[in-house]
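Inspection log for the structure reproduced underneath, given as structure tokens.
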Amino acid sequence: WTRGKHEFKMGWDIRRLRTESDDRAGQNGSYTFSRVQTALPTALSTTGNAFASFLLGATYSGSQGDSNYTPGHIRYGYHAGFWQDTWRITPRLTLDYGIRYEVPIGWHMQDGNYSNLDPTKPNPGVDGIPGALVFAGSGAGRTGKKRLYPTDFSDIGPRGGFAYRLTSKTVLRGGFGIFYQTLGNGGCGCTDGFNGSYSASSDGINPAFYWDATRAVPKPVGYKAPPFISPTFDNFNSGIYYQGDHYGKAPRIYNWSFTIQHEFKNWLFETAYVGNRGHGLNSTIYANTLPTSYLALGSTLTTKISNTSYPLPFSSFMNWGNSATVAQSLRPFPQYGTVVEVNSDVGKSWYDSLQTKVERRFGALNVMGSWVWSKNLSLMTYRQIFSQGSQVQAQDAYNINDAKSFMYMDIPHFVNIITSYQLPFGKGKRYFSSASRALDLLVGGWNIASTQQYRSGGLVQIKSATNQLASTTFAPLQKANATGYAIKTGVSSGDLDPDNPNIRWFNYGASAPYVNAPAYTLGTASMYNTQARNPWFRQENVSISKTFVVWESVRFIYRADAFNIFNRTSFGSVNGTVGNANFGRVTAPQNSARVITMGLRMEF
């Protein structure tokens with residue numbers, strides 16, 4: 001809607017997304033056969049034949065998914081509306097401003113057939129201590145809710161920007177906005193209690209069952225088919241999912257920029273500052289980690305609690321068997337192993353950059369070059385899905401800020417150059433402009449192009465080679481300890497040789513910059529250090545092409561492309577395993593050897 005100096009726009013976006021999961025493959029069953037079932041009882045290891053057992057249908061073991069399978073009808077969605085105004089205040093100044101409102105609908109099952117940990121609900125199977133399963137949907141033992149977490153209605157995104165023509169050749173631009181990412185997951189392993197399986201195994205001599213007679217794994221005596229709507233279902237299990245209050249909250253990015261553009265003859269120069277801050281980014285917390293204050297107990301943590309004077313956290317705690325340790329008894333939820341809080345909303349990022357660009361847009365020569373100088377930090381976020389892996393995890397779940405580090409993709413210097421030049425030969429060109437048709441076919445229509453890239457090397461993650469916290473705190477990684485020695489040896493990147501153990505990129509041995517953190521301690525070194533990165537990367541590619549116009553719209557195009565034309569070898573993949581004998585050595589090139597391709601194409 002245009003009115004005076006204003007141009008208004010408005011609109012909406014509604015998405016109703018679904019994933020249908022009806023995988024019944026596990027119900028076919030799996031079966032193993034052994035020589036034992038056709039062997040002599042006195043020579044089980046030297047007689048018999050597994051194929052003969054198969055022909056007899058005498059199974060050694062079998063398992064089968066329950067036929068009472070609950071298919072997944074996954075639903076998620078997105079709703080948004082926006083309004084904006086482009087206000088041309090003067091011929092030299094234009095202002096854009098607006099707002100966007102979004103309501104994301106997170107992952108859930110249409111029929112409510114999924115479960116979630118409620119950390120405050122009393123668990124009747126372990127003397128009522130907090131932490132029990134709750135179930136979505138309607139019916140006995142269920143919550144009556146479609147989603148086990150609140151919907152986020154707070155995603156308001158204001159946007160604003162301006163363009164001001166300072167002179168006829170100079171323009172200033174700037175802007176600010178709050179942006180929301182779509183929820184970073186389309187599923188969750190949260191269906192505990194709604195599917196089941198059963199198995200049967202041989203006693204070592206006799207078949208578990210005869211396959212030919214049943215064509216299925218027999219159900220054990222007393223077996224109950226799913227669903228199992230019980231708050232105690234996951235007791236003494238690991239891998240428990242917890243969708244907390246922030247599970248359905250969209251990650252948000254605060255973005256701002258300021259740019260100066262100046263034209264000089266046929267050249268355009270641009271310099272910009274671009275920054276953003278990410279909040280509530282998708283992240284994963286291991287919520288059942290042992291408080292690190294208990295690490296002072298040392299080896300006592302791995303001692304079976306029955307061999308100590310420590311009290312049992314609940315009467316059936318010894319059902320953990322060999323896992324009934326002191327460490328397990330001191331966890332927030334001693335009835336569970338690992339508990340994963342997905343989409344926990346703690347992820348953050350920091351990005352600041354100086355971005356420069358030069359372009360020549362007109363004539364036979366076209367050039368674009370850019371240099372970006374940036375710094376990129378992150379906290380507990382690696383990729384936009386709820387399973388973040390060990391690349392960015394915290395070694396102390398009670399001190400999330402300890403995980404702040406350089407983002408794994410931080411590249412402080414990045415230079416790109418793209419060039420294209422039409423050779424001035426042939427009809428209508430500077431040279432041979434009056435050439436005959438035959439000569440023009442030979443010398444006209446040639447074009448040379450190149451791409452060049454020069455950038456800092458990627459970061460090498462530094463952490464203890466063996467996570468000695470895994471058996472005590474459940475921490476997914478353990479940082480290394482810094483020794484104070486310089487990280488780099490000072491060797492030139494051109495002198496690196498993967499076959500020479502005496503030439504290394506990082507110091508090693510007695511001068512190594514990092515050592516493994518001792519057991520029952522937290523590492524002190526950052527997971528990523530800007531000095532601990534691969535050697536810089538460089539590569540040049542060149543293309544030559546020729547167009548032969550044969551008749552009207554019929555033409556042939558010949559081209560030859562040379563990738564890594566100078567056959568440079570940029571070694572990288574530096575071994576960053578702390579304590580490894582090969583620490584600091586390059587192990588592979590970052591680029592491939594020179595490749596030249598040629599082709600001829602006809603267009604009509």
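Convention: chains lettered A, B, ... in structure tokens order; per-chain residue numbering from 1; ligands numbered from 1 as shown.
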
Shell of 7 Å around stretch 470-483 of chain A, only C-alpha atoms, local chain residues under 5 positions omitted, as a list in words: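 Once the adjacent positions are removed, what remains is Thr289, Leu290, Leu301, Thr302, Ala327, Thr338, Ser390, Gln393, Gln395, Asp396, Ile462, Lys463, Ser464, Pro513, Tyr514, Val515, Asn516, Ala517, Leu522, Gly523, Thr524, Ala525 and Met527 of chain A.
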
For the residues in that selection, give me N, CA, C and O atoms as a PDB file, in the first residue's frame.
```pdb
ATOM      1  N   THR A 289      24.440 -34.813  35.935  1.00  0.00           N
ATOM      2  CA  THR A 289      25.858 -34.902  36.256  1.00  0.00           C
ATOM      3  C   THR A 289      26.074 -34.708  37.758  1.00  0.00           C
ATOM      4  O   THR A 289      25.342 -33.987  38.433  1.00  0.00           O
ATOM      5  N   LEU A 290      27.092 -35.345  38.242  1.00  0.00           N
ATOM      6  CA  LEU A 290      27.455 -35.240  39.649  1.00  0.00           C
ATOM      7  C   LEU A 290      27.980 -33.833  39.936  1.00  0.00           C
ATOM      8  O   LEU A 290      28.813 -33.326  39.183  1.00  0.00           O
ATOM      9  N   LEU A 301      34.340 -42.286  44.762  1.00  0.00           N
ATOM     10  CA  LEU A 301      33.163 -42.106  43.911  1.00  0.00           C
ATOM     11  C   LEU A 301      32.839 -43.362  43.107  1.00  0.00           C
ATOM     12  O   LEU A 301      31.673 -43.658  42.845  1.00  0.00           O
ATOM     13  N   THR A 302      33.846 -44.107  42.702  1.00  0.00           N
ATOM     14  CA  THR A 302      33.617 -45.294  41.875  1.00  0.00           C
ATOM     15  C   THR A 302      33.475 -46.563  42.712  1.00  0.00           C
ATOM     16  O   THR A 302      33.356 -47.659  42.169  1.00  0.00           O
ATOM     17  N   ALA A 327      29.132 -42.362  43.514  1.00  0.00           N
ATOM     18  CA  ALA A 327      28.836 -41.284  42.559  1.00  0.00           C
ATOM     19  C   ALA A 327      27.383 -41.331  42.113  1.00  0.00           C
ATOM     20  O   ALA A 327      26.694 -40.306  42.064  1.00  0.00           O
ATOM     21  N   THR A 338      22.178 -41.248  32.463  1.00  0.00           N
ATOM     22  CA  THR A 338      22.255 -39.940  31.822  1.00  0.00           C
ATOM     23  C   THR A 338      20.856 -39.377  31.585  1.00  0.00           C
ATOM     24  O   THR A 338      19.934 -40.097  31.207  1.00  0.00           O
ATOM     25  N   SER A 390      30.074 -33.559  21.451  1.00  0.00           N
ATOM     26  CA  SER A 390      31.092 -33.190  22.438  1.00  0.00           C
ATOM     27  C   SER A 390      31.931 -32.003  22.001  1.00  0.00           C
ATOM     28  O   SER A 390      32.869 -31.623  22.698  1.00  0.00           O
ATOM     29  N   GLN A 393      30.430 -29.108  24.491  1.00  0.00           N
ATOM     30  CA  GLN A 393      29.762 -29.389  25.758  1.00  0.00           C
ATOM     31  C   GLN A 393      30.540 -28.862  26.964  1.00  0.00           C
ATOM     32  O   GLN A 393      31.745 -28.633  26.900  1.00  0.00           O
ATOM     33  N   GLN A 395      32.122 -29.284  30.670  1.00  0.00           N
ATOM     34  CA  GLN A 395      32.606 -30.342  31.562  1.00  0.00           C
ATOM     35  C   GLN A 395      31.967 -30.228  32.937  1.00  0.00           C
ATOM     36  O   GLN A 395      32.019 -31.158  33.734  1.00  0.00           O
ATOM     37  N   ASP A 396      31.359 -29.072  33.199  1.00  0.00           N
ATOM     38  CA  ASP A 396      30.676 -28.851  34.477  1.00  0.00           C
ATOM     39  C   ASP A 396      29.292 -28.288  34.172  1.00  0.00           C
ATOM     40  O   ASP A 396      29.147 -27.112  33.821  1.00  0.00           O
ATOM     41  N   ILE A 462      40.948 -28.773  21.591  1.00  0.00           N
ATOM     42  CA  ILE A 462      41.868 -29.260  22.611  1.00  0.00           C
ATOM     43  C   ILE A 462      41.052 -29.760  23.797  1.00  0.00           C
ATOM     44  O   ILE A 462      40.275 -29.015  24.394  1.00  0.00           O
ATOM     45  N   LYS A 463      41.213 -31.022  24.134  1.00  0.00           N
ATOM     46  CA  LYS A 463      40.565 -31.594  25.314  1.00  0.00           C
ATOM     47  C   LYS A 463      41.357 -32.811  25.742  1.00  0.00           C
ATOM     48  O   LYS A 463      42.198 -33.326  24.991  1.00  0.00           O
ATOM     49  N   SER A 464      41.126 -33.278  26.941  1.00  0.00           N
ATOM     50  CA  SER A 464      41.831 -34.466  27.417  1.00  0.00           C
ATOM     51  C   SER A 464      41.495 -35.652  26.521  1.00  0.00           C
ATOM     52  O   SER A 464      40.336 -35.846  26.136  1.00  0.00           O
ATOM     53  N   PRO A 513      52.155 -27.751  24.893  1.00  0.00           N
ATOM     54  CA  PRO A 513      51.372 -26.682  25.536  1.00  0.00           C
ATOM     55  C   PRO A 513      50.216 -27.200  26.378  1.00  0.00           C
ATOM     56  O   PRO A 513      49.637 -26.441  27.155  1.00  0.00           O
ATOM     57  N   TYR A 514      49.865 -28.493  26.221  1.00  0.00           N
ATOM     58  CA  TYR A 514      48.732 -29.047  26.960  1.00  0.00           C
ATOM     59  C   TYR A 514      49.077 -30.429  27.476  1.00  0.00           C
ATOM     60  O   TYR A 514      49.845 -31.187  26.855  1.00  0.00           O
ATOM     61  N   VAL A 515      48.487 -30.773  28.609  1.00  0.00           N
ATOM     62  CA  VAL A 515      48.571 -32.133  29.147  1.00  0.00           C
ATOM     63  C   VAL A 515      47.168 -32.558  29.562  1.00  0.00           C
ATOM     64  O   VAL A 515      46.287 -31.719  29.794  1.00  0.00           O
ATOM     65  N   ASN A 516      46.954 -33.859  29.651  1.00  0.00           N
ATOM     66  CA  ASN A 516      45.658 -34.373  30.080  1.00  0.00           C
ATOM     67  C   ASN A 516      45.392 -33.992  31.530  1.00  0.00           C
ATOM     68  O   ASN A 516      46.295 -34.043  32.385  1.00  0.00           O
ATOM     69  N   ALA A 517      44.157 -33.604  31.809  1.00  0.00           N
ATOM     70  CA  ALA A 517      43.782 -33.300  33.191  1.00  0.00           C
ATOM     71  C   ALA A 517      43.739 -34.593  34.004  1.00  0.00           C
ATOM     72  O   ALA A 517      43.271 -35.629  33.509  1.00  0.00           O
ATOM     73  N   LEU A 522      38.851 -30.959  36.987  1.00  0.00           N
ATOM     74  CA  LEU A 522      38.363 -30.282  35.796  1.00  0.00           C
ATOM     75  C   LEU A 522      39.541 -29.681  35.048  1.00  0.00           C
ATOM     76  O   LEU A 522      40.444 -29.096  35.648  1.00  0.00           O
ATOM     77  N   GLY A 523      39.539 -29.822  33.719  1.00  0.00           N
ATOM     78  CA  GLY A 523      40.577 -29.195  32.920  1.00  0.00           C
ATOM     79  C   GLY A 523      40.430 -27.686  32.931  1.00  0.00           C
ATOM     80  O   GLY A 523      39.352 -27.137  33.177  1.00  0.00           O
ATOM     81  N   THR A 524      41.522 -26.994  32.653  1.00  0.00           N
ATOM     82  CA  THR A 524      41.535 -25.531  32.753  1.00  0.00           C
ATOM     83  C   THR A 524      41.678 -24.827  31.413  1.00  0.00           C
ATOM     84  O   THR A 524      41.450 -23.623  31.321  1.00  0.00           O
ATOM     85  N   ALA A 525      42.076 -25.542  30.373  1.00  0.00           N
ATOM     86  CA  ALA A 525      42.346 -24.893  29.084  1.00  0.00           C
ATOM     87  C   ALA A 525      41.073 -24.740  28.267  1.00  0.00           C
ATOM     88  O   ALA A 525      40.169 -25.581  28.322  1.00  0.00           O
ATOM     89  N   MET A 527      38.572 -24.953  25.192  1.00  0.00           N
ATOM     90  CA  MET A 527      38.424 -26.007  24.189  1.00  0.00           C
ATOM     91  C   MET A 527      38.975 -25.581  22.834  1.00  0.00           C
ATOM     92  O   MET A 527      39.440 -26.394  22.047  1.00  0.00           O
TER      93      MET A 527
END
```

Would you tabulate, counting only C-alpha atoms, all residues of stretch 165-260 of chain A that have an atom at most 12 Å from an atom of stretch 56-79 of chain A, showing the closest pair of atoms and their distance in Å to one decimal, sorted by chain then ascending number, as a Markdown table?
```
| residue | atom | partner | partner_atom | distance |
| --- | --- | --- | --- | --- |
| A:Tyr180 | CA | A:Tyr78 | CA | 11.4 |
| A:Gln181 | CA | A:Tyr78 | CA | 10.7 |
| A:Thr182 | CA | A:Tyr78 | CA | 7.8 |
| A:Leu183 | CA | A:Tyr78 | CA | 9.1 |
| A:Gly184 | CA | A:Tyr76 | CA | 11.1 |
| A:Asn185 | CA | A:Tyr76 | CA | 9.5 |
| A:Gly186 | CA | A:Tyr76 | CA | 7.6 |
| A:Gly187 | CA | A:Ile74 | CA | 7.4 |
| A:Cys188 | CA | A:Ile74 | CA | 9.7 |
| A:Gly189 | CA | A:Gly72 | CA | 11.0 |
| A:Cys190 | CA | A:Gly72 | CA | 10.9 |
| A:Thr191 | CA | A:Gly72 | CA | 9.0 |
| A:Asp192 | CA | A:Thr70 | CA | 11.1 |
| A:Gly193 | CA | A:Thr70 | CA | 10.1 |
| A:Phe194 | CA | A:Thr70 | CA | 6.3 |
| A:Asn195 | CA | A:Tyr69 | CA | 5.8 |
| A:Gly196 | CA | A:Asp66 | CA | 5.4 |
| A:Ser197 | CA | A:Gly65 | CA | 4.2 |
| A:Tyr198 | CA | A:Ser63 | CA | 5.7 |
| A:Ser199 | CA | A:Ser63 | CA | 4.1 |
| A:Ala200 | CA | A:Gly62 | CA | 5.5 |
| A:Ser201 | CA | A:Ser61 | CA | 4.3 |
| A:Ser202 | CA | A:Tyr60 | CA | 5.2 |
| A:Asp203 | CA | A:Tyr60 | CA | 8.7 |
| A:Gly204 | CA | A:Tyr60 | CA | 8.0 |
| A:Ile205 | CA | A:Tyr60 | CA | 8.6 |
| A:Asn206 | CA | A:Tyr60 | CA | 8.0 |
| A:Pro207 | CA | A:Ala58 | CA | 5.3 |
| A:Ala208 | CA | A:Tyr60 | CA | 5.6 |
| A:Phe209 | CA | A:Thr59 | CA | 5.9 |
| A:Tyr210 | CA | A:Ala58 | CA | 4.8 |
| A:Trp211 | CA | A:Gly57 | CA | 4.5 |
| A:Asp212 | CA | A:Gly57 | CA | 5.1 |
| A:Ala213 | CA | A:Gly57 | CA | 7.9 |
| A:Thr214 | CA | A:Gly57 | CA | 9.5 |
| A:Arg215 | CA | A:Gly57 | CA | 9.0 |
| A:Ala216 | CA | A:Gln64 | CA | 7.7 |
| A:Val217 | CA | A:Gly62 | CA | 6.1 |
| A:Pro218 | CA | A:Gln64 | CA | 8.9 |
| A:Lys219 | CA | A:Gln64 | CA | 9.1 |
| A:Pro220 | CA | A:Ser63 | CA | 11.0 |
| A:Tyr223 | CA | A:Asp66 | CA | 10.5 |
| A:Lys224 | CA | A:Asp66 | CA | 9.9 |
| A:Ala225 | CA | A:Asn68 | CA | 6.8 |
| A:Pro226 | CA | A:Asn68 | CA | 6.5 |
| A:Pro227 | CA | A:Asn68 | CA | 8.1 |
| A:Phe228 | CA | A:Asn68 | CA | 11.4 |
| A:Gly248 | CA | A:Tyr76 | CA | 10.2 |
| A:Lys249 | CA | A:Tyr78 | CA | 11.9 |
| A:Ala250 | CA | A:Tyr78 | CA | 10.5 |
```

Report as CSV the residues of stretch 80-111 of chain A within 12 Å of stretch 147-152 of chain A, each with its shortest atom pair and distance in Å (one decimal), using only C-alpha atoms, ordered by chain and increasing residue number.
```
residue,atom,partner,partner_atom,distance
A:Tyr101,CA,A:Asp152,CA,11.2
A:Glu102,CA,A:Asp152,CA,8.9
A:Val103,CA,A:Asp152,CA,6.3
A:Pro104,CA,A:Asp152,CA,6.8
A:Ile105,CA,A:Thr151,CA,6.5
A:Gly106,CA,A:Thr151,CA,7.6
A:Trp107,CA,A:Arg147,CA,8.0
A:His108,CA,A:Arg147,CA,5.8
A:Met109,CA,A:Arg147,CA,7.9
A:Gln110,CA,A:Arg147,CA,9.2
A:Asp111,CA,A:Arg147,CA,10.3
```

Please write the residues from the selection above to a file, keeping all heavy atoms, as an mmCIF file, in the first residue's frame.
```
data_model
loop_
_atom_site.group_PDB
_atom_site.id
_atom_site.type_symbol
_atom_site.label_atom_id
_atom_site.label_comp_id
_atom_site.auth_asym_id
_atom_site.auth_seq_id
_atom_site.Cartn_x
_atom_site.Cartn_y
_atom_site.Cartn_z
ATOM 1 N N TYR A 101 6.080 -10.742 14.173
ATOM 2 C CA TYR A 101 5.671 -11.508 15.359
ATOM 3 C C TYR A 101 5.552 -12.969 14.963
ATOM 4 O O TYR A 101 4.910 -13.304 13.962
ATOM 5 C CB TYR A 101 4.340 -10.987 15.903
ATOM 6 C CG TYR A 101 3.858 -11.753 17.126
ATOM 7 C CD1 TYR A 101 4.632 -11.795 18.277
ATOM 8 C CD2 TYR A 101 2.640 -12.416 17.111
ATOM 9 C CE1 TYR A 101 4.204 -12.496 19.393
ATOM 10 C CE2 TYR A 101 2.200 -13.115 18.229
ATOM 11 C CZ TYR A 101 2.982 -13.152 19.368
ATOM 12 O OH TYR A 101 2.564 -13.846 20.469
ATOM 13 N N GLU A 102 6.183 -13.843 15.762
ATOM 14 C CA GLU A 102 6.248 -15.260 15.407
ATOM 15 C C GLU A 102 5.806 -16.120 16.585
ATOM 16 O O GLU A 102 6.094 -15.805 17.736
ATOM 17 C CB GLU A 102 7.673 -15.642 14.997
ATOM 18 C CG GLU A 102 8.257 -14.749 13.919
ATOM 19 C CD GLU A 102 9.710 -15.072 13.616
ATOM 20 O OE1 GLU A 102 10.067 -16.269 13.630
ATOM 21 O OE2 GLU A 102 10.478 -14.140 13.372
ATOM 22 N N VAL A 103 5.139 -17.209 16.265
ATOM 23 C CA VAL A 103 4.751 -18.200 17.266
ATOM 24 C C VAL A 103 5.146 -19.577 16.738
ATOM 25 O O VAL A 103 4.469 -20.134 15.863
ATOM 26 C CB VAL A 103 3.237 -18.168 17.568
ATOM 27 C CG1 VAL A 103 2.902 -19.232 18.612
ATOM 28 C CG2 VAL A 103 2.808 -16.789 18.041
ATOM 29 N N PRO A 104 6.247 -20.143 17.240
ATOM 30 C CA PRO A 104 6.641 -21.483 16.792
ATOM 31 C C PRO A 104 5.907 -22.549 17.590
ATOM 32 O O PRO A 104 5.636 -22.383 18.778
ATOM 33 C CB PRO A 104 8.139 -21.519 17.093
ATOM 34 C CG PRO A 104 8.293 -20.610 18.276
ATOM 35 C CD PRO A 104 7.232 -19.539 18.145
ATOM 36 N N ILE A 105 5.570 -23.631 16.918
ATOM 37 C CA ILE A 105 4.944 -24.781 17.570
ATOM 38 C C ILE A 105 5.939 -25.928 17.516
ATOM 39 O O ILE A 105 6.272 -26.430 16.441
ATOM 40 C CB ILE A 105 3.618 -25.184 16.891
ATOM 41 C CG1 ILE A 105 2.649 -24.001 16.878
ATOM 42 C CG2 ILE A 105 3.011 -26.391 17.586
ATOM 43 C CD1 ILE A 105 2.242 -23.520 18.252
ATOM 44 N N GLY A 106 6.433 -26.343 18.669
ATOM 45 C CA GLY A 106 7.491 -27.338 18.710
ATOM 46 C C GLY A 106 7.007 -28.758 18.476
ATOM 47 O O GLY A 106 5.816 -29.051 18.377
ATOM 48 N N TRP A 107 7.982 -29.654 18.432
ATOM 49 C CA TRP A 107 7.755 -31.071 18.169
ATOM 50 C C TRP A 107 6.779 -31.661 19.181
ATOM 51 O O TRP A 107 6.885 -31.442 20.382
ATOM 52 C CB TRP A 107 9.098 -31.791 18.264
ATOM 53 C CG TRP A 107 9.070 -33.262 18.038
ATOM 54 C CD1 TRP A 107 9.351 -33.916 16.890
ATOM 55 C CD2 TRP A 107 8.758 -34.277 19.015
ATOM 56 N NE1 TRP A 107 9.245 -35.264 17.088
ATOM 57 C CE2 TRP A 107 8.872 -35.522 18.368
ATOM 58 C CE3 TRP A 107 8.393 -34.248 20.348
ATOM 59 C CZ2 TRP A 107 8.656 -36.713 19.021
ATOM 60 C CZ3 TRP A 107 8.156 -35.443 21.007
ATOM 61 C CH2 TRP A 107 8.295 -36.660 20.341
ATOM 62 N N HIS A 108 5.825 -32.428 18.668
ATOM 63 C CA HIS A 108 4.939 -33.201 19.542
ATOM 64 C C HIS A 108 4.262 -34.279 18.705
ATOM 65 O O HIS A 108 4.268 -34.243 17.475
ATOM 66 C CB HIS A 108 3.884 -32.305 20.203
ATOM 67 C CG HIS A 108 2.965 -31.621 19.232
ATOM 68 N ND1 HIS A 108 3.331 -30.485 18.542
ATOM 69 C CD2 HIS A 108 1.696 -31.899 18.828
ATOM 70 C CE1 HIS A 108 2.339 -30.099 17.758
ATOM 71 N NE2 HIS A 108 1.343 -30.951 17.912
ATOM 72 N N MET A 109 3.683 -35.251 19.376
ATOM 73 C CA MET A 109 2.931 -36.312 18.713
ATOM 74 C C MET A 109 1.453 -35.922 18.673
ATOM 75 O O MET A 109 0.885 -35.490 19.688
ATOM 76 C CB MET A 109 3.083 -37.629 19.475
ATOM 77 C CG MET A 109 4.472 -38.220 19.403
ATOM 78 S SD MET A 109 4.781 -39.012 17.826
ATOM 79 C CE MET A 109 6.251 -39.963 18.232
ATOM 80 N N GLN A 110 0.845 -36.092 17.520
ATOM 81 C CA GLN A 110 -0.554 -35.717 17.360
ATOM 82 C C GLN A 110 -1.442 -36.443 18.376
ATOM 83 O O GLN A 110 -2.345 -35.845 18.968
ATOM 84 C CB GLN A 110 -1.025 -36.024 15.949
ATOM 85 C CG GLN A 110 -2.479 -35.667 15.685
ATOM 86 C CD GLN A 110 -2.955 -36.202 14.353
ATOM 87 O OE1 GLN A 110 -2.577 -37.293 13.939
ATOM 88 N NE2 GLN A 110 -3.776 -35.435 13.652
ATOM 89 N N ASP A 111 -1.164 -37.721 18.587
ATOM 90 C CA ASP A 111 -1.999 -38.514 19.488
ATOM 91 C C ASP A 111 -1.426 -38.579 20.909
ATOM 92 O O ASP A 111 -1.908 -39.332 21.748
ATOM 93 C CB ASP A 111 -2.182 -39.934 18.941
ATOM 94 C CG ASP A 111 -0.876 -40.538 18.455
ATOM 95 O OD1 ASP A 111 0.192 -40.005 18.822
ATOM 96 O OD2 ASP A 111 -0.921 -41.521 17.699
#
```

May I have all residues of stretch 251-486 of chain A that DSSP, computed from the backbone, assigns to strand (DSSP E or B), given as an MDAnalysis selection string? chainID A and resid 252:264 267:281 284:286 304 325 339:342 347:360 365:379 405:406 413:422 425 431 446:455 459 481:482

Using only C-alpha atoms, which residues sit within 9 Å of A:Phe548 once same-chain residues fewer than 2 positions away are excluded, as a list of chain:residue names?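 These residues fall inside the cut-off: A:Asp440, A:Leu441, A:Leu442, A:Gly444, A:Gly445, A:Lys546, A:Val550, A:Val554, A:Arg555, A:Phe556, A:Ile557, A:Tyr558.
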
To one decimal place, how far is atom CA of A:Met409 from atom CA of A:Met380 in Å? 13.8 Å

Considering only helix (DSSP H, G or I) as DSSP defines it on the backbone, what residues of stretch 221-306 of chain A qualify? List them as a PyMOL selection string. chain A and resi 292-302+305-306

When you look at A:Ile229 with a cut-off of 9 Å (counting only C-alpha atoms), what residues show up, excluding the ones that are within fewer than 3 positions of it in the same chain? I need them as a ChimeraX atom specification. /A:133-135,140-142,193-194,226,232-233

Written file, previous selection with all heavy atoms, as a compact mmCIF listing (two decimals), in the first residue's frame:
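Contents of part.txt, freshly written:
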```txt
# COMPACT_ATOMS: atom_id res chain seq x y z
N LEU A 133 8.54 -40.15 35.00
CA LEU A 133 8.01 -39.91 33.65
C LEU A 133 6.58 -39.40 33.73
O LEU A 133 5.80 -39.79 34.59
CB LEU A 133 8.03 -41.20 32.84
CG LEU A 133 9.36 -41.68 32.26
CD1 LEU A 133 9.09 -42.78 31.23
CD2 LEU A 133 10.16 -40.56 31.64
N VAL A 134 6.27 -38.50 32.78
CA VAL A 134 4.89 -38.08 32.56
C VAL A 134 4.57 -38.34 31.10
O VAL A 134 5.47 -38.40 30.24
CB VAL A 134 4.68 -36.59 32.91
CG1 VAL A 134 4.82 -36.36 34.39
CG2 VAL A 134 5.67 -35.70 32.14
N PHE A 135 3.29 -38.50 30.79
CA PHE A 135 2.87 -38.95 29.47
C PHE A 135 1.86 -37.96 28.89
O PHE A 135 0.92 -37.54 29.56
CB PHE A 135 2.26 -40.35 29.55
CG PHE A 135 3.23 -41.39 30.05
CD1 PHE A 135 3.44 -41.57 31.41
CD2 PHE A 135 3.95 -42.16 29.15
CE1 PHE A 135 4.35 -42.51 31.88
CE2 PHE A 135 4.86 -43.11 29.61
CZ PHE A 135 5.06 -43.29 30.98
N ALA A 140 -6.02 -42.58 31.18
CA ALA A 140 -5.53 -42.85 32.54
C ALA A 140 -4.02 -42.71 32.61
O ALA A 140 -3.30 -43.23 31.75
CB ALA A 140 -5.96 -44.25 32.96
N GLY A 141 -3.52 -42.02 33.61
CA GLY A 141 -2.10 -41.86 33.82
C GLY A 141 -1.43 -40.83 32.94
O GLY A 141 -0.21 -40.67 32.99
N ARG A 142 -2.21 -40.12 32.12
CA ARG A 142 -1.64 -39.13 31.20
C ARG A 142 -1.96 -37.72 31.69
O ARG A 142 -2.81 -37.51 32.56
CB ARG A 142 -2.16 -39.34 29.78
CG ARG A 142 -1.87 -40.74 29.23
CD ARG A 142 -2.13 -40.77 27.75
NE ARG A 142 -1.99 -42.10 27.19
CZ ARG A 142 -1.50 -42.34 25.97
NH1 ARG A 142 -1.13 -41.33 25.20
NH2 ARG A 142 -1.41 -43.56 25.51
N GLY A 193 8.06 -46.08 26.76
CA GLY A 193 6.79 -46.58 27.28
C GLY A 193 5.79 -46.94 26.21
O GLY A 193 4.79 -47.60 26.50
N PHE A 194 6.05 -46.53 24.96
CA PHE A 194 5.05 -46.75 23.91
C PHE A 194 5.45 -47.82 22.90
O PHE A 194 4.67 -48.14 22.00
CB PHE A 194 4.76 -45.43 23.17
CG PHE A 194 4.02 -44.45 24.04
CD1 PHE A 194 4.70 -43.47 24.73
CD2 PHE A 194 2.65 -44.55 24.20
CE1 PHE A 194 4.03 -42.57 25.55
CE2 PHE A 194 1.97 -43.67 25.01
CZ PHE A 194 2.65 -42.68 25.70
N PRO A 226 3.11 -53.12 25.28
CA PRO A 226 2.98 -51.68 25.48
C PRO A 226 1.60 -51.21 25.05
O PRO A 226 0.89 -51.94 24.36
CB PRO A 226 4.09 -51.12 24.58
CG PRO A 226 4.29 -52.15 23.52
CD PRO A 226 4.03 -53.47 24.18
N THR A 232 7.26 -44.94 36.57
CA THR A 232 8.49 -45.64 36.96
C THR A 232 9.15 -46.36 35.78
O THR A 232 10.14 -47.06 35.98
CB THR A 232 8.17 -46.68 38.04
OG1 THR A 232 7.33 -47.70 37.49
CG2 THR A 232 7.45 -46.04 39.22
N PHE A 233 8.62 -46.18 34.57
CA PHE A 233 9.07 -47.00 33.44
C PHE A 233 10.57 -46.90 33.20
O PHE A 233 11.22 -47.89 32.87
CB PHE A 233 8.31 -46.58 32.17
CG PHE A 233 8.76 -47.33 30.94
CD1 PHE A 233 8.31 -48.62 30.71
CD2 PHE A 233 9.64 -46.76 30.04
CE1 PHE A 233 8.72 -49.33 29.58
CE2 PHE A 233 10.06 -47.45 28.91
CZ PHE A 233 9.59 -48.75 28.68
```
